[in-house]
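Student: Pasting target.cif here (mmCIF, C-alpha atoms):
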```
data_coords
#
loop_
_atom_site.label_atom_id
_atom_site.label_comp_id
_atom_site.auth_asym_id
_atom_site.auth_seq_id
_atom_site.Cartn_x
_atom_site.Cartn_y
_atom_site.Cartn_z
CA MET A 1 -139.43 -4.32 27.43
CA ASN A 2 -136.80 -6.78 26.19
CA LEU A 3 -136.39 -9.62 28.76
CA GLN A 4 -134.13 -11.86 26.57
CA ARG A 5 -130.74 -10.26 27.54
CA PRO A 6 -131.08 -10.70 31.33
CA THR A 7 -132.21 -14.25 30.82
CA LEU A 8 -129.09 -15.08 28.80
CA LEU A 9 -126.83 -13.45 31.37
CA CYS A 10 -128.36 -15.46 34.13
CA ALA A 11 -127.88 -18.71 32.19
CA SER A 12 -124.21 -17.92 31.47
CA LEU A 13 -123.59 -17.19 35.11
CA LEU A 14 -125.14 -20.48 36.17
CA LEU A 15 -123.01 -22.41 33.66
CA ALA A 16 -119.80 -20.75 34.92
CA ILE A 17 -120.65 -21.60 38.50
CA ALA A 18 -121.29 -25.24 37.55
CA ALA A 19 -117.99 -25.48 35.65
CA ASN A 20 -116.02 -24.09 38.58
CA ALA A 21 -117.65 -26.59 40.90
CA GLN A 22 -116.42 -29.51 38.70
CA ALA A 23 -112.77 -28.26 38.36
CA PRO A 24 -110.16 -30.08 40.49
CA THR A 25 -109.07 -28.34 43.63
CA PRO A 26 -105.32 -27.53 43.76
CA ALA A 27 -103.39 -29.88 46.04
CA GLN A 28 -102.91 -28.57 49.53
CA PRO A 29 -99.78 -29.27 51.55
CA ALA A 30 -100.21 -32.35 53.75
CA THR A 31 -100.79 -31.65 57.35
CA PRO A 32 -97.98 -33.24 59.34
CA PRO A 33 -99.12 -35.95 61.73
CA ALA A 34 -99.34 -35.03 65.31
CA THR A 35 -96.03 -35.52 67.10
CA GLN A 36 -96.11 -38.60 69.27
CA PRO A 37 -94.99 -38.17 72.84
CA GLY A 38 -91.46 -39.46 73.61
CA PRO A 39 -87.78 -38.38 73.60
CA ALA A 40 -86.79 -35.91 70.93
CA ALA A 41 -85.07 -37.45 67.84
CA THR A 42 -81.28 -36.86 67.78
CA THR A 43 -78.81 -36.81 64.85
CA PRO A 44 -75.70 -38.96 65.46
CA PRO A 45 -72.66 -36.72 65.86
CA ARG A 46 -70.24 -36.74 62.95
CA ARG A 47 -67.19 -38.93 63.69
CA VAL A 48 -64.07 -36.89 63.83
CA PRO A 49 -61.01 -38.98 62.85
CA GLU A 50 -58.28 -39.14 65.43
CA PRO A 51 -55.23 -37.15 64.45
CA TYR A 52 -52.30 -39.26 63.28
CA LYS A 53 -49.81 -39.83 66.05
CA ALA A 54 -46.25 -40.45 65.02
CA THR A 55 -44.63 -43.42 66.73
CA ILE A 56 -41.52 -42.13 68.40
CA PRO A 57 -39.22 -44.86 69.73
CA PRO A 58 -37.56 -44.20 73.07
CA SER A 59 -34.16 -44.49 71.36
CA PRO A 60 -32.87 -44.75 67.76
CA GLY A 61 -32.04 -48.40 68.36
CA ASP A 62 -35.26 -49.43 70.10
CA LEU A 63 -36.46 -52.84 68.94
CA THR A 64 -39.85 -52.87 70.67
CA VAL A 65 -41.85 -49.78 69.59
CA TRP A 66 -42.91 -49.68 65.93
CA PRO A 67 -44.97 -47.54 63.56
CA ARG A 68 -48.40 -48.79 62.57
CA GLY A 69 -48.21 -51.88 60.34
CA VAL A 70 -44.54 -52.57 61.09
CA SER A 71 -44.73 -54.59 64.30
CA PRO A 72 -43.13 -58.05 64.08
CA GLN A 73 -46.28 -59.63 65.50
CA GLU A 74 -48.39 -58.29 62.65
CA VAL A 75 -45.88 -58.83 59.86
CA GLY A 76 -44.84 -62.31 60.98
CA LYS A 77 -48.44 -63.47 61.37
CA THR A 78 -49.59 -62.27 57.95
CA LEU A 79 -46.61 -63.78 56.14
CA ALA A 80 -46.83 -67.08 58.01
CA GLU A 81 -50.54 -67.42 57.26
CA HIS A 82 -49.86 -66.49 53.66
CA PHE A 83 -47.37 -69.36 53.47
CA VAL A 84 -49.85 -71.88 54.88
CA LYS A 85 -52.12 -71.20 51.90
CA THR A 86 -49.31 -71.56 49.34
CA PRO A 87 -49.49 -74.85 47.40
CA LEU A 88 -46.82 -77.47 48.02
CA GLY A 89 -43.81 -77.28 45.77
CA GLU A 90 -44.05 -73.54 45.07
CA THR A 91 -41.09 -71.19 45.16
CA VAL A 92 -43.43 -68.20 44.85
CA ALA A 93 -46.24 -67.61 47.35
CA TYR A 94 -49.28 -67.65 45.07
CA PRO A 95 -52.22 -69.16 47.00
CA GLY A 96 -54.62 -71.05 44.78
CA ARG A 97 -52.08 -71.85 42.12
CA THR A 98 -51.90 -75.57 41.32
CA THR A 99 -48.66 -77.51 41.09
CA GLN A 100 -48.03 -80.86 39.49
CA GLY A 101 -45.65 -82.93 41.54
CA GLN A 102 -42.96 -80.30 42.08
CA ASN A 103 -40.44 -81.22 44.76
CA ILE A 104 -40.16 -79.33 48.02
CA GLY A 105 -37.32 -76.85 47.49
CA TYR A 106 -35.05 -75.15 50.00
CA PRO A 107 -36.90 -71.77 49.83
CA GLU A 108 -40.06 -73.55 50.91
CA VAL A 109 -38.21 -75.36 53.72
CA CYS A 110 -36.70 -72.09 54.97
CA THR A 111 -40.13 -70.44 55.03
CA TRP A 112 -41.63 -73.46 56.80
CA TYR A 113 -38.94 -73.29 59.47
CA GLY A 114 -39.51 -69.56 59.92
CA ALA A 115 -43.28 -69.94 60.20
CA LEU A 116 -42.92 -72.77 62.74
CA THR A 117 -40.54 -70.78 64.93
CA PHE A 118 -42.84 -67.75 64.69
CA ALA A 119 -45.79 -69.91 65.80
CA GLU A 120 -43.70 -71.17 68.71
CA ILE A 121 -42.56 -67.74 69.93
CA THR A 122 -46.11 -66.33 69.71
CA HIS A 123 -47.71 -69.46 71.26
CA ASP A 124 -49.95 -69.77 68.20
CA ASP A 125 -50.89 -73.44 68.43
CA ALA A 126 -53.44 -73.14 65.64
CA LEU A 127 -50.80 -71.86 63.21
CA ARG A 128 -48.36 -74.54 64.33
CA ASP A 129 -50.92 -77.28 63.75
CA GLU A 130 -51.73 -75.92 60.28
CA LEU A 131 -48.04 -75.99 59.39
CA ILE A 132 -47.71 -79.57 60.64
CA ALA A 133 -50.81 -80.62 58.72
CA ARG A 134 -49.30 -79.07 55.60
CA PHE A 135 -46.21 -81.26 55.99
CA ALA A 136 -47.90 -84.54 56.99
CA PRO A 137 -48.75 -85.60 53.40
CA VAL A 138 -45.06 -85.33 52.44
CA MET A 139 -43.95 -87.84 55.08
CA PRO A 140 -42.98 -91.36 53.90
CA GLY A 141 -46.11 -93.20 52.77
CA GLY A 142 -48.10 -89.98 52.47
CA PRO A 143 -50.03 -88.95 49.35
CA GLU A 144 -47.45 -86.24 48.55
CA ALA A 145 -44.32 -88.22 49.47
CA SER A 146 -43.16 -88.06 45.85
CA ARG A 147 -42.41 -84.37 46.41
CA THR A 148 -39.52 -85.25 48.74
CA PRO A 149 -36.20 -84.21 47.19
CA HIS A 150 -33.56 -86.90 46.67
CA ARG A 151 -30.22 -85.40 45.62
CA HIS A 152 -27.19 -85.71 47.88
CA HIS A 153 -26.91 -81.93 47.86
CA VAL A 154 -27.17 -79.16 50.46
CA ASP A 155 -30.19 -77.66 48.69
CA ASP A 156 -32.09 -80.95 49.02
CA SER A 157 -30.78 -82.15 52.38
CA ILE A 158 -32.12 -79.10 54.21
CA PHE A 159 -35.54 -80.74 53.77
CA GLY A 160 -34.82 -82.52 57.08
CA VAL A 161 -35.10 -79.23 58.99
CA VAL A 162 -38.91 -79.23 58.88
CA PRO A 163 -39.53 -82.65 60.48
CA LEU A 164 -36.84 -81.89 63.07
CA GLN A 165 -38.48 -78.59 64.02
CA ILE A 166 -41.86 -80.34 64.24
CA ALA A 167 -40.29 -82.94 66.53
CA ILE A 168 -38.82 -80.20 68.73
CA GLN A 169 -42.11 -78.36 69.09
CA THR A 170 -44.31 -81.41 69.68
CA LYS A 171 -41.96 -83.38 71.94
CA ASP A 172 -44.13 -82.97 75.04
CA GLN A 173 -47.44 -82.71 73.22
CA SER A 174 -50.19 -85.26 72.87
CA ASN A 175 -49.77 -85.20 69.07
CA TYR A 176 -46.07 -86.16 69.21
CA ASP A 177 -45.12 -88.56 66.41
CA PRO A 178 -41.62 -90.09 66.69
CA ARG A 179 -41.45 -90.47 62.91
CA TYR A 180 -40.71 -86.77 62.50
CA LEU A 181 -37.50 -87.10 64.51
CA GLU A 182 -36.56 -90.29 62.68
CA VAL A 183 -37.02 -88.72 59.25
CA GLY A 184 -35.21 -85.51 60.13
CA GLN A 185 -32.30 -87.27 61.79
CA SER A 186 -31.88 -89.58 58.81
CA TRP A 187 -31.29 -86.54 56.60
CA ALA A 188 -28.69 -85.15 59.00
CA ASP A 189 -26.82 -88.48 59.15
CA ARG A 190 -27.03 -88.89 55.39
CA GLN A 191 -25.29 -85.54 54.93
CA TRP A 192 -22.08 -87.03 56.35
CA GLY A 193 -22.53 -90.40 54.71
CA PRO A 194 -21.07 -91.68 51.43
CA VAL A 195 -22.49 -90.08 48.31
CA THR A 196 -24.30 -92.20 45.78
CA PRO A 197 -22.53 -92.93 42.47
CA GLU A 198 -24.97 -90.78 40.51
CA THR A 199 -24.29 -87.69 42.66
CA PRO A 200 -22.56 -85.08 40.49
CA ALA A 201 -19.20 -83.89 41.75
CA GLU A 202 -19.25 -80.37 43.21
CA LEU A 203 -15.47 -80.05 43.61
CA PRO A 204 -12.44 -81.15 41.61
CA PRO A 205 -11.36 -84.69 42.63
CA ALA A 206 -8.35 -83.53 44.65
CA ASP A 207 -10.41 -81.00 46.59
CA ALA A 208 -13.19 -83.50 47.17
CA ALA A 209 -10.69 -85.97 48.60
CA ALA A 210 -9.23 -83.28 50.88
CA VAL A 211 -12.72 -82.42 52.15
CA LEU A 212 -13.40 -86.03 53.14
CA LYS A 213 -9.99 -86.38 54.74
CA ALA A 214 -10.67 -83.30 56.86
CA GLY A 215 -13.90 -84.84 58.17
CA LEU A 216 -16.19 -82.45 56.32
CA SER A 217 -19.44 -83.32 54.60
CA PRO A 218 -19.30 -84.83 51.10
CA GLU A 219 -21.81 -82.11 50.22
CA THR A 220 -19.17 -79.41 50.82
CA ARG A 221 -18.75 -77.22 47.73
CA TYR A 222 -17.61 -73.85 49.15
CA TRP A 223 -20.52 -71.80 47.91
CA VAL A 224 -21.48 -69.06 50.37
CA ASP A 225 -25.13 -70.28 50.36
CA ASP A 226 -24.12 -73.55 52.01
CA MET A 227 -23.57 -71.90 55.37
CA TYR A 228 -27.28 -71.77 55.91
CA MET A 229 -28.41 -74.93 54.10
CA LEU A 230 -25.89 -77.29 55.65
CA VAL A 231 -25.64 -75.48 58.99
CA MET A 232 -29.37 -75.51 59.74
CA LEU A 233 -29.82 -79.24 59.20
CA GLN A 234 -27.04 -80.19 61.60
CA LEU A 235 -28.10 -77.53 64.11
CA GLU A 236 -31.68 -78.75 64.16
CA ALA A 237 -30.47 -82.33 64.63
CA TYR A 238 -28.45 -81.16 67.64
CA ARG A 239 -31.37 -79.15 69.03
CA ALA A 240 -33.72 -82.12 68.63
CA THR A 241 -31.41 -84.81 70.05
CA GLY A 242 -28.77 -83.07 72.16
CA ASP A 243 -26.13 -85.19 70.38
CA ARG A 244 -22.97 -83.07 70.24
CA LYS A 245 -21.68 -84.75 67.10
CA TYR A 246 -24.07 -82.67 65.00
CA LEU A 247 -22.84 -79.44 66.56
CA ASP A 248 -19.16 -80.37 66.20
CA ARG A 249 -19.66 -81.24 62.53
CA ASP A 250 -21.36 -77.92 61.95
CA ALA A 251 -18.75 -75.81 63.70
CA LYS A 252 -15.88 -77.50 61.87
CA GLU A 253 -17.61 -76.96 58.55
CA MET A 254 -18.25 -73.29 59.27
CA VAL A 255 -14.65 -72.61 60.24
CA SER A 256 -13.51 -74.15 56.95
CA TYR A 257 -15.89 -71.90 54.98
CA LEU A 258 -14.80 -68.83 56.95
CA ASP A 259 -11.19 -69.54 56.07
CA ARG A 260 -11.99 -70.01 52.38
CA LEU A 261 -14.56 -67.30 51.66
CA GLN A 262 -14.39 -64.38 54.12
CA GLN A 263 -12.35 -61.42 52.92
CA PRO A 264 -10.43 -58.85 55.00
CA ASN A 265 -13.33 -56.39 54.63
CA GLY A 266 -15.61 -58.87 56.42
CA LEU A 267 -17.73 -59.84 53.41
CA PHE A 268 -17.81 -63.17 51.56
CA PHE A 269 -17.18 -64.12 47.95
CA HIS A 270 -19.92 -66.18 46.34
CA ALA A 271 -17.32 -68.92 45.81
CA PRO A 272 -13.50 -69.02 45.71
CA ASP A 273 -13.57 -68.50 41.94
CA VAL A 274 -16.37 -65.87 41.93
CA LYS A 275 -15.10 -62.75 43.64
CA TYR A 276 -18.32 -60.79 44.07
CA PHE A 277 -20.17 -59.91 47.26
CA TRP A 278 -23.62 -61.06 46.20
CA GLY A 279 -26.26 -59.82 48.66
CA ARG A 280 -28.31 -62.93 49.37
CA GLY A 281 -25.25 -65.17 49.30
CA ASP A 282 -23.71 -63.15 52.13
CA GLY A 283 -27.12 -63.08 53.77
CA TRP A 284 -27.17 -66.88 53.99
CA PHE A 285 -23.81 -66.83 55.77
CA ALA A 286 -24.85 -64.02 58.13
CA ALA A 287 -28.04 -65.86 59.13
CA GLY A 288 -26.16 -69.16 59.46
CA MET A 289 -23.59 -67.66 61.82
CA ALA A 290 -26.31 -66.05 63.94
CA GLU A 291 -28.15 -69.39 64.23
CA MET A 292 -24.92 -71.21 65.00
CA LEU A 293 -23.93 -68.79 67.77
CA ARG A 294 -27.38 -69.15 69.34
CA SER A 295 -26.66 -72.83 70.01
CA LEU A 296 -22.86 -73.05 70.26
CA PRO A 297 -21.79 -73.29 73.93
CA ALA A 298 -19.45 -70.64 75.29
CA ASP A 299 -16.74 -73.27 75.88
CA HIS A 300 -16.85 -74.78 72.40
CA PRO A 301 -13.34 -74.59 70.86
CA ASP A 302 -14.64 -73.21 67.56
CA ARG A 303 -16.83 -70.49 69.06
CA PRO A 304 -14.12 -67.76 69.19
CA ARG A 305 -13.32 -68.19 65.49
CA ILE A 306 -16.97 -68.13 64.44
CA LEU A 307 -17.78 -65.16 66.68
CA ALA A 308 -14.82 -63.23 65.27
CA GLY A 309 -15.98 -63.89 61.69
CA TYR A 310 -19.51 -62.85 62.61
CA LYS A 311 -18.41 -59.58 64.22
CA LEU A 312 -16.15 -58.74 61.29
CA MET A 313 -19.07 -59.16 58.92
CA MET A 314 -21.51 -57.16 61.05
CA ALA A 315 -19.06 -54.25 61.12
CA ALA A 316 -18.86 -54.36 57.33
CA LEU A 317 -22.64 -54.31 57.02
CA LEU A 318 -22.81 -51.03 58.91
CA LYS A 319 -20.57 -49.47 56.27
CA TYR A 320 -22.66 -50.65 53.32
CA GLN A 321 -26.20 -50.12 54.63
CA GLY A 322 -28.09 -47.54 52.56
CA ALA A 323 -29.87 -44.49 53.95
CA ASP A 324 -33.11 -46.39 53.23
CA GLY A 325 -32.05 -49.17 55.61
CA MET A 326 -31.46 -51.60 52.74
CA TRP A 327 -28.47 -53.41 51.30
CA ARG A 328 -27.80 -53.77 47.59
CA GLU A 329 -27.83 -56.71 45.18
CA LEU A 330 -24.04 -56.41 45.12
CA ILE A 331 -23.27 -55.19 48.62
CA ASP A 332 -20.34 -52.94 47.79
CA HIS A 333 -21.96 -51.36 44.72
CA PRO A 334 -24.21 -48.43 45.77
CA GLU A 335 -25.51 -48.15 42.19
CA ALA A 336 -27.00 -51.66 42.44
CA TRP A 337 -30.68 -52.04 43.30
CA PRO A 338 -31.91 -52.52 46.89
CA GLU A 339 -32.56 -56.23 47.44
CA SER A 340 -35.07 -57.38 50.05
CA SER A 341 -34.09 -60.99 50.87
CA SER A 342 -30.48 -60.12 51.75
CA SER A 343 -31.63 -57.06 53.71
CA ALA A 344 -33.98 -59.24 55.76
CA MET A 345 -31.20 -61.77 56.42
CA PHE A 346 -28.78 -59.06 57.53
CA SER A 347 -31.48 -57.57 59.76
CA PHE A 348 -32.06 -60.99 61.32
CA ALA A 349 -28.33 -61.39 62.02
CA LEU A 350 -28.02 -57.90 63.53
CA ILE A 351 -31.16 -58.27 65.67
CA THR A 352 -29.95 -61.62 67.00
CA GLY A 353 -26.51 -60.22 67.85
CA VAL A 354 -27.93 -57.21 69.66
CA LYS A 355 -30.42 -59.32 71.63
CA HIS A 356 -27.68 -61.74 72.74
CA GLY A 357 -25.18 -59.04 73.59
CA TRP A 358 -22.59 -60.13 71.01
CA LEU A 359 -22.91 -56.69 69.41
CA ASP A 360 -22.85 -53.28 71.08
CA SER A 361 -26.46 -52.11 71.20
CA ALA A 362 -25.72 -48.40 70.80
CA THR A 363 -23.77 -49.10 67.59
CA TYR A 364 -25.76 -51.89 65.95
CA ALA A 365 -29.37 -51.64 67.16
CA PRO A 366 -30.13 -48.51 65.08
CA ALA A 367 -28.96 -50.36 61.95
CA ALA A 368 -31.10 -53.36 62.87
CA ARG A 369 -34.14 -51.11 63.33
CA ARG A 370 -33.58 -49.29 60.03
CA GLY A 371 -33.11 -52.63 58.28
CA TRP A 372 -36.38 -54.05 59.59
CA ILE A 373 -38.41 -50.96 58.74
CA GLY A 374 -36.78 -50.78 55.31
CA VAL A 375 -37.60 -54.39 54.47
CA VAL A 376 -41.19 -54.18 55.68
CA GLY A 377 -41.67 -51.30 53.25
CA TYR A 378 -41.18 -53.82 50.43
CA ILE A 379 -44.16 -55.96 51.46
CA ASP A 380 -47.15 -55.29 49.21
CA GLN A 381 -50.90 -55.35 49.90
CA ASN A 382 -51.01 -59.10 49.15
CA HIS A 383 -48.40 -59.85 51.84
CA ASP A 384 -45.80 -60.61 49.17
CA VAL A 385 -42.23 -59.38 49.58
CA THR A 386 -41.12 -57.47 46.49
CA GLN A 387 -37.66 -56.78 45.04
CA VAL A 388 -36.48 -60.36 45.69
CA CYS A 389 -33.53 -61.55 43.63
CA THR A 390 -34.47 -64.66 41.68
CA GLY A 391 -32.62 -67.94 42.29
CA THR A 392 -28.98 -67.35 41.43
CA GLY A 393 -26.08 -69.66 40.70
CA LYS A 394 -22.47 -68.51 40.72
CA LEU A 395 -20.90 -66.79 37.73
CA ASP A 396 -17.73 -64.74 37.54
CA ASN A 397 -19.40 -61.77 35.86
CA MET A 398 -20.52 -58.59 37.63
CA GLN A 399 -23.26 -57.72 35.14
CA TYR A 400 -24.79 -61.15 35.67
CA TYR A 401 -25.60 -60.21 39.28
CA LEU A 402 -26.72 -56.67 38.52
CA ASP A 403 -29.16 -57.94 35.89
CA ARG A 404 -30.80 -60.63 38.00
CA LYS A 405 -34.58 -60.69 37.79
CA ARG A 406 -36.49 -59.08 40.66
CA GLU A 407 -39.46 -61.13 41.82
CA THR A 408 -42.50 -60.62 44.04
CA GLY A 409 -43.63 -63.25 46.53
CA ASN A 410 -40.55 -65.42 46.01
CA LEU A 411 -40.05 -67.51 49.15
CA HIS A 412 -36.37 -66.54 49.18
CA GLY A 413 -37.71 -63.23 50.49
CA GLN A 414 -40.73 -64.38 52.51
CA ALA A 415 -38.60 -66.68 54.69
CA PRO A 416 -36.03 -64.24 56.14
CA VAL A 417 -38.68 -61.62 56.89
CA ILE A 418 -40.38 -64.19 59.14
CA TRP A 419 -37.00 -65.06 60.72
CA ALA A 420 -36.41 -61.40 61.49
CA ALA A 421 -39.91 -60.99 62.96
CA THR A 422 -39.29 -63.98 65.21
CA ALA A 423 -35.88 -62.65 66.28
CA LEU A 424 -37.45 -59.34 67.31
CA LEU A 425 -39.90 -61.21 69.56
CA ARG A 426 -37.26 -63.38 71.23
CA ASP A 427 -35.94 -62.44 74.65
CA GLU A 428 -32.65 -64.27 74.67
CA LYS A 429 -30.22 -62.17 76.69
#
```
Take the structure in this file and express it as structure tokens.

Tutor:
Amino acid sequence: MNLQRPTLLCASLLLAIAANAQAPTPAQPATPPATQPGPAATTPPRRVPEPYKATIPPSPGDLTVWPRGVSPQEVGKTLAEHFVKTPLGETVAYPGRTTQGQNIGYPEVCTWYGALTFAEITHDDALRDELIARFAPVMPGGPEASRTPHRHHVDDSIFGVVPLQIAIQTKDQSNYDPRYLEVGQSWADRQWGPVTPETPAELPPADAAAVLKAGLSPETRYWVDDMYMLVMLQLEAYRATGDRKYLDRDAKEMVSYLDRLQQPNGLFFHAPDVKYFWGRGDGWFAAGMAEMLRSLPADHPDRPRILAGYKLMMAALLKYQGADGMWRELIDHPEAWPESSSSAMFSFALITGVKHGWLDSATYAPAARRGWIGVVGYIDQNHDVTQVCTGTGKLDNMQYYLDRKRETGNLHGQAPVIWAATALLRDEK
């Protein structure tokens, strides 16, 4: 009997069993840990965005209810805070940009005034104090005093508006400093004083002599811009001191400019020898008249003439306002580009007239509302106003105005937007 074959089979079977015993066992799924007692886990519900709700004003001329991002509180605050961060001597609001000894220019002064009045109307003491701190180094003896302008010129003299407004707002405060009133008043008095020999003549000798004989300022030049620059300095001196001489000077000056520059259609030439209705130039006059009428007493002999000129202009603005709420670089040229600084100035003038009752609300408030919304649409994500006409002198050439550079963040545009925001928040009726 052959016993070798069964023996070999048994050995092979034992080897196979041993090999299987050493092979790795396939991984088994992990047994989940026992659930601990406690409240059942919940998945946060998915947030469903609220549906957009259109802001519907109670009337087409409502000046209190605004779409999201258009309220004067929000717009005025962001632009005023943007200005605080702008370096001294800048005409364009570029925070962080360094300047080397540039003088304080009138666009900066106008923005400062607007930001101060906005801080006052909103009771924002922190903003007011920041604006005062920004000006303190420019005061006589300060580290930035060299930035003070010096020309005997309306564009330089308006510098006095800022210390006068600071004096007005701090009069009853613990931080009142009488130097602000002294500095501001000195600028207002200087504007009617003799010019220095090095002051360049703005008018032909015969006209300059007639201006002085009529009791007007030696800085009179009959440019439409002057009716904000010159007007605001004298007005602020009157508001700060109560001295009627500043108001009487101002009113007399404005009547003279009305007689020389306003046309039968209600608009103003840039100058007697430049017969174009430049947007921002007319905007300066519109804003100046609105500011003047805010302070001019009802019994002042020049009030009827100024009010008539103001109403004539406001009626003209209704005719030339675009469907987008804006006015053009040349007001009576619909093919010209929409310009933001003039549109903000016209909106300010209309808002002020409606709030005071000088203008019929049903007729003018809708235009004021459209103007404000239109202008705010030109503010970009950096809080800079776009489509601002660059600084512009007079020239008797239409294409010169149509081709003016459009700038972003130029303080010529930032300032009147803040004025308009402040006017919307005033309750002056």

Student: What residues have an atom no more than 8 Å from (-38.6, -79.8, 45.7) in the file's own frame, counting all atoms listed in the file, and can you write them as a list in words?

Tutor: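 Neighbouring residues, ordered by chain and number, come to Gly89, Gln102, Asn103, Ile104, Gly105, Tyr106, Arg147, Thr148, Pro149 and Asp156 of chain A.
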
Student: Evaluated on this file, the PyMOL selection byres ((chain A and resi 362-379) around 8) picks out some residues - which ones are they, written as JSON, numbers by chain?

Tutor: {"A": [60, 61, 62, 63, 70, 75, 318, 321, 324, 325, 326, 340, 343, 344, 346, 347, 348, 350, 351, 354, 359, 360, 361, 380, 381, 382, 383, 384, 385, 386, 387, 417, 420]}

Student: From the options A:Val162, A:Val48, A:Ile132, A:Met292, which residue's atoms come nearest to Thr111 (chain A), counting only C-alpha atoms?

Tutor: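 Counting only C-alpha atoms, the residue closest to Thr111 (chain A) is A:Val162.
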
Student: Got a sec to resolve the PyMOL selection byres ((chain A and resi 402) around 12) on this structure and send the residues as a PyMOL selection string?

Tutor: chain A and resi 276-279+328-339+389-390+392+395+397-401+403-406

Student: Of the candidates A:Ala237, A:Ala208, A:Ala119, A:Ala201, which one gets nearest to Val161 (chain A) if we count all atoms listed in the file?

Tutor: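 The answer is A:Ala237, which sits nearest to Val161 (chain A).
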
Student: I need the residue nearest Gly160 (chain A) from this list: A:Leu131, A:Leu212, A:Met229, A:Ala115. Use all atoms listed in the file for the distance.

Tutor: A:Met229

Student: Record the distance separating CA of Phe269 (chain A) and CA of Val224 (chain A), expressed in Å with one decimal.

Tutor: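 Taking CA of Phe269 (chain A) and CA of Val224 (chain A), their separation equals 7.0 Å.
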
Student: When you look at Pro205 (chain A) with a cut-off of 12 Å (counting all atoms listed in the file), what residues show up, excluding the ones that are within fewer than 5 positions of it in the same chain? I need them as a list in words.

Tutor: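 Those residues are Pro200, Ala210, Val211, Leu212, Pro218 and Arg221 of chain A.
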
Student: Box in all listed atoms of region 149-165 of chain A, axis-aligned, with 3 Å more on each side; write out centre and edge lengths in Å to one decimal as JSON.

Tutor:
```
{"center_x": -33.2, "center_y": -82.3, "center_z": 54.8, "size_x": 18.6, "size_y": 15.2, "size_z": 24.4}
```

Student: Would you list the contacts of Phe268 (chain A) as a PyMOL selection string, taking every protein, DNA or RNA residue within 12 Å and counting all atoms listed in the file, but skipping same-chain residues closer than 6 positions in sequence?

Tutor: chain A and resi 222-225+227+257-262+274-286+309-310+312-314+316-317+330-332
